[in-house]
Every structure is written in structure tokens, then in C-alpha cells.
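Working notes for the structure below.
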Amino acid sequence: MNKQAILITGGAGFIGSNFIHYFMDRYPDRNIVNIDKLTYAGSRNNLLEVEQNPNYQFIHGDIADEKLVTEVFQAFDITGVIHFAAESHVDRSIEDARAFVETNVLGTLTLLQAARDDWEKKGMLENRRFHHVSTDEVYGSLGAEGKFSEKTPYDPRNPYSASKAGANLLVKSFGYTYGMNIVISSSSNNYGPRQHHEKLIPTIIQKAFQGKEIPIYGDGKNIRDWLYVGDHCRALDIIFHHGNPNETYNVGGGNEKANITMAEQICGILDQMKPDIKSKLHVSSFKELIRFTIDRKGHDRRYAVDDSKLRHEMGWEPNEDLQKGLEKTVEWYVKQWELQASH
Ligand SMILES: NC(=O)c1ccc[n+]([C@@H]2O[C@H](COP(=O)([O-])OP(=O)(O)OC[C@H]3O[C@@H](n4cnc5c(N)ncnc54)[C@H](O)[C@@H]3O)[C@@H](O)[C@H]2O)c1
């Protein structure tokens with residue numbers, strides 16, 4: 001008998017690696033297979049603490065590689081898939097959308113087909129779960145009022161969100177057409193440790209720490225609902241194990257904040273944490289480094305998530321206070337850079 005395992009895709013990235021740490025702590029007897037292509041966004045350094053754990057297996061590969069993915073299903077008894085792997089940066093998708101379609105759409109299709117083939121052969125199609133980790137960006141952009149619910153029609157506005165909406169539709173279709181046990185979670189913007197430095201929160205921390213200009217798109221008033229990655233991991237655990245088949249669950253942080261507010265809050269934290277750097281830079285606050293830049297093309301104005309379904313049906317709610325979550329996040333990045341500098 002092959003070893004039973006959960007297949008995680010994209011586990012070397014930001015949310016996937018946080019989830020693997022969370023899952024292995026919470027379920028020390030369960031096995032994880034992590035397939036990751038290690039694009040610029042993925043790093044095995046995110047997983048150093050689990051590399052030697054006999055319950056963890058890393059496979060370096062592409063989820064769109066049909067032969068490899070089929071072999072993974074043959075080598076292990078995959079009892080569920082939690083699918084994180086994606087090209088995830090909106091700015092890159094605006095430059096060139098091809099990789100987004102290849103990974104997010106075709107890669108998702110490849111995984112769905114391999115899971116379906118394997119689980120159908122084993123008579124397990126209805127019992128084994130395929131969980132697609134998706135985004136609130138599929139719903140488009142909001143004005144000053146209202147929130148996205150699970151019933152909001154998809155209205156993606158950039159190639160990244162279009163590719164995620166496409167993947168969602170494929171996942172849903174495998175639920176209806178073949179009776180696969182699928183579930184989708186759509187979360188708002190995450191923040192926390194291990195995120196690639198190209199994204200907003202690490203960029204703000206890094207630029208401030210280095211005494212460089214902190215770039216903020218447009219007027220800085222684009223609003224996101226910030227979710228601490230640890231709260232997202234708990235939500236994913238609950239949805240993967242207890243979500244109803246064919247359902248979507250929104251996951252929000254309950255922290256609607258403009259980008260400029262986030263930048264100022266992070267600068268305030270660094271002012272307290274790194275007064276020595278601040279005085280070397282001859283500024284009274286890191287906020288003086290903030291600069292507005294030309295806006296992103298088609299920049300969605302506001303996202304806000306109605307996650308009452310997850311809260312009411314499954315009793316989940318975010319625990320992390322934004323200020324405390326940001327302090328932990330800033331501390332984590334500062335420690336990484338100080339460690340790097342000392343080597
Ligand atoms: N970061 C957020 O705020 C956020 C919010 C909502 C949803 N999501 C979704 O969550 C998932 C994870 O996001 P993230 O921020 O951790 O992304 P990330 O960019 O940090 O990580 C993506 C990971 O996928 C891997 N990968 C990319 N292409 C691959 C391929 N073809 N085959 C195998 N591995 C591949 C990368 O190497 C990387 O390790 C994505 O599906 C994203 O759409 C992210």
C-alpha cells in the first residue's frame with residue numbers, strides 16, 4: 001500500500017509554506033507531499049524547519065506537467081489536494097499573462113484530471129477532497145459601499161484575477177460534471193511572514209528599513225481587507241475538512257484599510273522598533289520616505305469580503321489584531337535581513 005498523504009501545491013510560496021508549518025504542527029501524524037516549481041516566488045528556505053521531518057516530502061516540479069503529476073498520484077495514496085500553486089502577482093500579469101494561464105488555468109486542469117483519474121479508479125471520487133485556494137479578486141472591484149459575497153458574479157479586471165476565475169470555473173465544473181468533491185475558498189489580501197518582497201507589505205517594510213523611498217500607487221486610497229496569514233491557515237483547515245462539497249467560502253480579515261494607511265502604520269511600528277536607523281536617515285518618521293507613484297493599470301479600487309457564511313456555518317473568525325499582526329510581520333522581516341547582513 002502506498003503511503004497516504006495530502007498533496008499541497010505551491011507549498012514553497014507565502015501562504016503554502018505558512019500552511020505547511022501550521023498543518024504539520026496541528027496534525028503531527030499526517031503526511032504531506034509538496035509539489036512546487038520553485039519559481040522566483042517560491043523558496044525551500046521557507047520550509048527549512050520541516051525538511052527533515054519524515055512526514056514531509058518535497059517534489060520539485062510543475063503542476064502543469066501531466067506525467068509528473070500522474071506519477072505523484074501513483075507513488076502516494078493522495079487523500080486530498082490543497083491547491084495553492086499559482087502565479088500570484090497582478091503587476092507581472094499585466095506585463096505578460098502567459099505564465100498565469102499556463103499555471104493557474106492549465107496547471108489546475110492537470111491536477112483536476114490526475115485527481116479525478118486516481119480517485120475514480122479507487123471508487124473514492126466523492127470522499128476525497130480537492131480544495132482550490134482562490135482570491136476575492138475574482139469578484140472585481142467595489143465602490144465605497146457593499147461587500148463581495150459568495151454569490152457575487154465573477155468580474156475579474158486583470159489577467160491574474162481572470163486566470164484565477166478561470167481556474168475556479170474549471171474546479172466547479174469538475175464538481176458538477178464528474179461528482180468530484182471540490183471546495184473553493186476565496187480570501188482577501190494576506191499579510192505575514194514569508195511573503196515575497198515584491199508584494200505591498202514586504203515592500204513597505206524593506207524600503208523603509210533600507211532608507212529608500214516607499215512607493216505607493218496612485219493616491220494610496222485603494223482599499224484591501226487585510227487578513228493575517230495564520231488566520232487564513234485556520235480557515236483553510238476548517239474549509240478543507242468541513243466545507244460542504246461544491247461550495248465557495250469567502251475568508252476576510254475584517255480590516256478594511258487604504259494602502260496609505262497600511263504604509264503609515266508600518267512606518268509607525270518601525271519608528272518604535274528601529275529608532276537608530278531613523279536617526280541615521282535624519283527623518284523624524286519613516287513616513288517621510290513615502291512617495292506616490294503612477295497608478296497600476298486598471299487598479300481595483302476597493303475589495304471587501306462578506307465572510308459571514310464561514311463565520312456562521314463553521315464558527316471561524318480572524319483572531320489577529322491588525323497592529324499586533326503587523327508588529328509580528330515587521331519583526332520577522334527585520335530579523336531575516338539582520339541575519340542576512342551578519343553572514
Ligand atoms: N497572497 C495573497 O494575498 C492571496 C490572497 C488570496 C488568494 N491567494 C491565492 O493563494 C495561493 C498562494 O498565494 P501566495 O501569495 O502564497 O503565492 P506565492 O506567489 O507566494 O507562491 C506561489 C507558489 O507556487 C509555486 N508555483 C508557481 N507556479 C507553479 C507551477 N506551475 N507548478 C508548481 N508550483 C508553482 C511557486 O514556486 C510558489 O512557491 C495562490 O493561488 C493565490 O492566488 C493569495
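Every chain in the C-alpha cells has a letter given in the order shown (A, B, ...), and although residue numbers restart at 1 in each chain, ligands are simply numbered from 1 in the order shown.
Neighbours of Leu200 in chain A closer than or equal to 10 Å, with only C-alpha atoms counted and sequence neighbours fewer than 6 positions away skipped, come out as Tyr191, Gln206, Ile214, Pro215, Ile216, Tyr217, Asn259, Met262 and Ala263 of chain A.
The shell of residues at most 6 Å from Lys37 in chain A, with only C-alpha atoms counted and near chain neighbours (fewer than 4 positions) removed, consists of His60, Gly61 and Asp62 of chain A.
Within range 290-320 of chain A, the backbone-based DSSP assignment of strand (DSSP E) covers Ile290, Arg291, Phe292 and Thr293 of chain A.
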Let me see if you get this right: every residue at most 7 Å from ligand 1, counting only C-alpha atoms and all ligand atoms, written as number ranges by chain.
A: 9-16, 35-43, 61-64, 83-89, 103, 107, 133-136, 164, 186-191, 195-196
Write out as a PDB file with all heavy atoms, in the first residue's frame the residues lying within 10 Å of His299 in chain A, counting only C-alpha atoms and excluding same-chain residues fewer than 6 positions away.
```pdb
ATOM      1  N   VAL A  90      -0.192  40.534  -9.517  1.00  0.00           N
ATOM      2  CA  VAL A  90      -1.005  41.265 -10.508  1.00  0.00           C
ATOM      3  C   VAL A  90      -0.117  42.056 -11.482  1.00  0.00           C
ATOM      4  O   VAL A  90      -0.320  42.006 -12.703  1.00  0.00           O
ATOM      5  CB  VAL A  90      -2.001  42.211  -9.795  1.00  0.00           C
ATOM      6  CG1 VAL A  90      -2.746  43.071 -10.803  1.00  0.00           C
ATOM      7  CG2 VAL A  90      -2.989  41.414  -8.946  1.00  0.00           C
ATOM      8  N   ASP A  91       0.886  42.762 -10.965  1.00  0.00           N
ATOM      9  CA  ASP A  91       1.733  43.587 -11.845  1.00  0.00           C
ATOM     10  C   ASP A  91       2.403  42.745 -12.932  1.00  0.00           C
ATOM     11  O   ASP A  91       2.485  43.152 -14.085  1.00  0.00           O
ATOM     12  CB  ASP A  91       2.832  44.295 -11.032  1.00  0.00           C
ATOM     13  CG  ASP A  91       2.267  45.432 -10.204  1.00  0.00           C
ATOM     14  OD1 ASP A  91       1.127  45.852 -10.469  1.00  0.00           O
ATOM     15  OD2 ASP A  91       2.961  45.878  -9.274  1.00  0.00           O
ATOM     16  N   SER A 141     -14.154  44.820  -8.588  1.00  0.00           N
ATOM     17  CA  SER A 141     -13.823  45.959  -7.724  1.00  0.00           C
ATOM     18  C   SER A 141     -15.107  46.569  -7.182  1.00  0.00           C
ATOM     19  O   SER A 141     -16.136  46.572  -7.859  1.00  0.00           O
ATOM     20  CB  SER A 141     -13.052  46.989  -8.558  1.00  0.00           C
ATOM     21  OG  SER A 141     -12.699  48.092  -7.772  1.00  0.00           O
ATOM     22  N   ARG A 157     -10.746  41.850 -13.308  1.00  0.00           N
ATOM     23  CA  ARG A 157     -10.356  43.068 -14.021  1.00  0.00           C
ATOM     24  C   ARG A 157      -8.909  43.047 -14.503  1.00  0.00           C
ATOM     25  O   ARG A 157      -8.459  44.005 -15.112  1.00  0.00           O
ATOM     26  CB  ARG A 157     -10.530  44.280 -13.094  1.00  0.00           C
ATOM     27  CG  ARG A 157     -11.895  44.422 -12.465  1.00  0.00           C
ATOM     28  CD  ARG A 157     -12.935  44.775 -13.512  1.00  0.00           C
ATOM     29  NE  ARG A 157     -14.238  44.947 -12.889  1.00  0.00           N
ATOM     30  CZ  ARG A 157     -14.709  46.134 -12.474  1.00  0.00           C
ATOM     31  NH1 ARG A 157     -14.002  47.221 -12.602  1.00  0.00           N
ATOM     32  NH2 ARG A 157     -15.918  46.201 -11.940  1.00  0.00           N
ATOM     33  N   ASN A 158      -8.142  42.020 -14.128  1.00  0.00           N
ATOM     34  CA  ASN A 158      -6.760  41.955 -14.615  1.00  0.00           C
ATOM     35  C   ASN A 158      -6.445  40.495 -14.938  1.00  0.00           C
ATOM     36  O   ASN A 158      -7.184  39.587 -14.536  1.00  0.00           O
ATOM     37  CB  ASN A 158      -5.785  42.545 -13.567  1.00  0.00           C
ATOM     38  CG  ASN A 158      -5.865  41.819 -12.238  1.00  0.00           C
ATOM     39  OD1 ASN A 158      -5.600  40.623 -12.152  1.00  0.00           O
ATOM     40  ND2 ASN A 158      -6.258  42.534 -11.192  1.00  0.00           N
ATOM     41  N   TYR A 217       1.124  53.224  -4.974  1.00  0.00           N
ATOM     42  CA  TYR A 217       0.431  53.518  -6.227  1.00  0.00           C
ATOM     43  C   TYR A 217      -0.642  54.608  -6.074  1.00  0.00           C
ATOM     44  O   TYR A 217      -1.394  54.616  -5.087  1.00  0.00           O
ATOM     45  CB  TYR A 217      -0.304  52.266  -6.713  1.00  0.00           C
ATOM     46  CG  TYR A 217       0.545  51.272  -7.477  1.00  0.00           C
ATOM     47  CD1 TYR A 217       0.402  49.900  -7.241  1.00  0.00           C
ATOM     48  CD2 TYR A 217       1.440  51.678  -8.460  1.00  0.00           C
ATOM     49  CE1 TYR A 217       1.144  48.975  -7.950  1.00  0.00           C
ATOM     50  CE2 TYR A 217       2.182  50.761  -9.174  1.00  0.00           C
ATOM     51  CZ  TYR A 217       2.040  49.416  -8.914  1.00  0.00           C
ATOM     52  OH  TYR A 217       2.763  48.508  -9.621  1.00  0.00           O
ATOM     53  N   GLY A 218      -0.729  55.482  -7.117  1.00  0.00           N
ATOM     54  CA  GLY A 218      -1.844  56.432  -7.250  1.00  0.00           C
ATOM     55  C   GLY A 218      -1.959  57.371  -6.065  1.00  0.00           C
ATOM     56  O   GLY A 218      -0.973  57.962  -5.619  1.00  0.00           O
ATOM     57  N   ASN A 222      -6.560  53.070  -2.446  1.00  0.00           N
ATOM     58  CA  ASN A 222      -7.143  51.758  -2.790  1.00  0.00           C
ATOM     59  C   ASN A 222      -7.246  50.937  -1.509  1.00  0.00           C
ATOM     60  O   ASN A 222      -6.301  50.893  -0.718  1.00  0.00           O
ATOM     61  CB  ASN A 222      -6.254  51.042  -3.804  1.00  0.00           C
ATOM     62  CG  ASN A 222      -6.114  51.833  -5.082  1.00  0.00           C
ATOM     63  OD1 ASN A 222      -5.543  52.920  -5.057  1.00  0.00           O
ATOM     64  ND2 ASN A 222      -6.667  51.340  -6.159  1.00  0.00           N
TER      65      ASN A 222
END
```
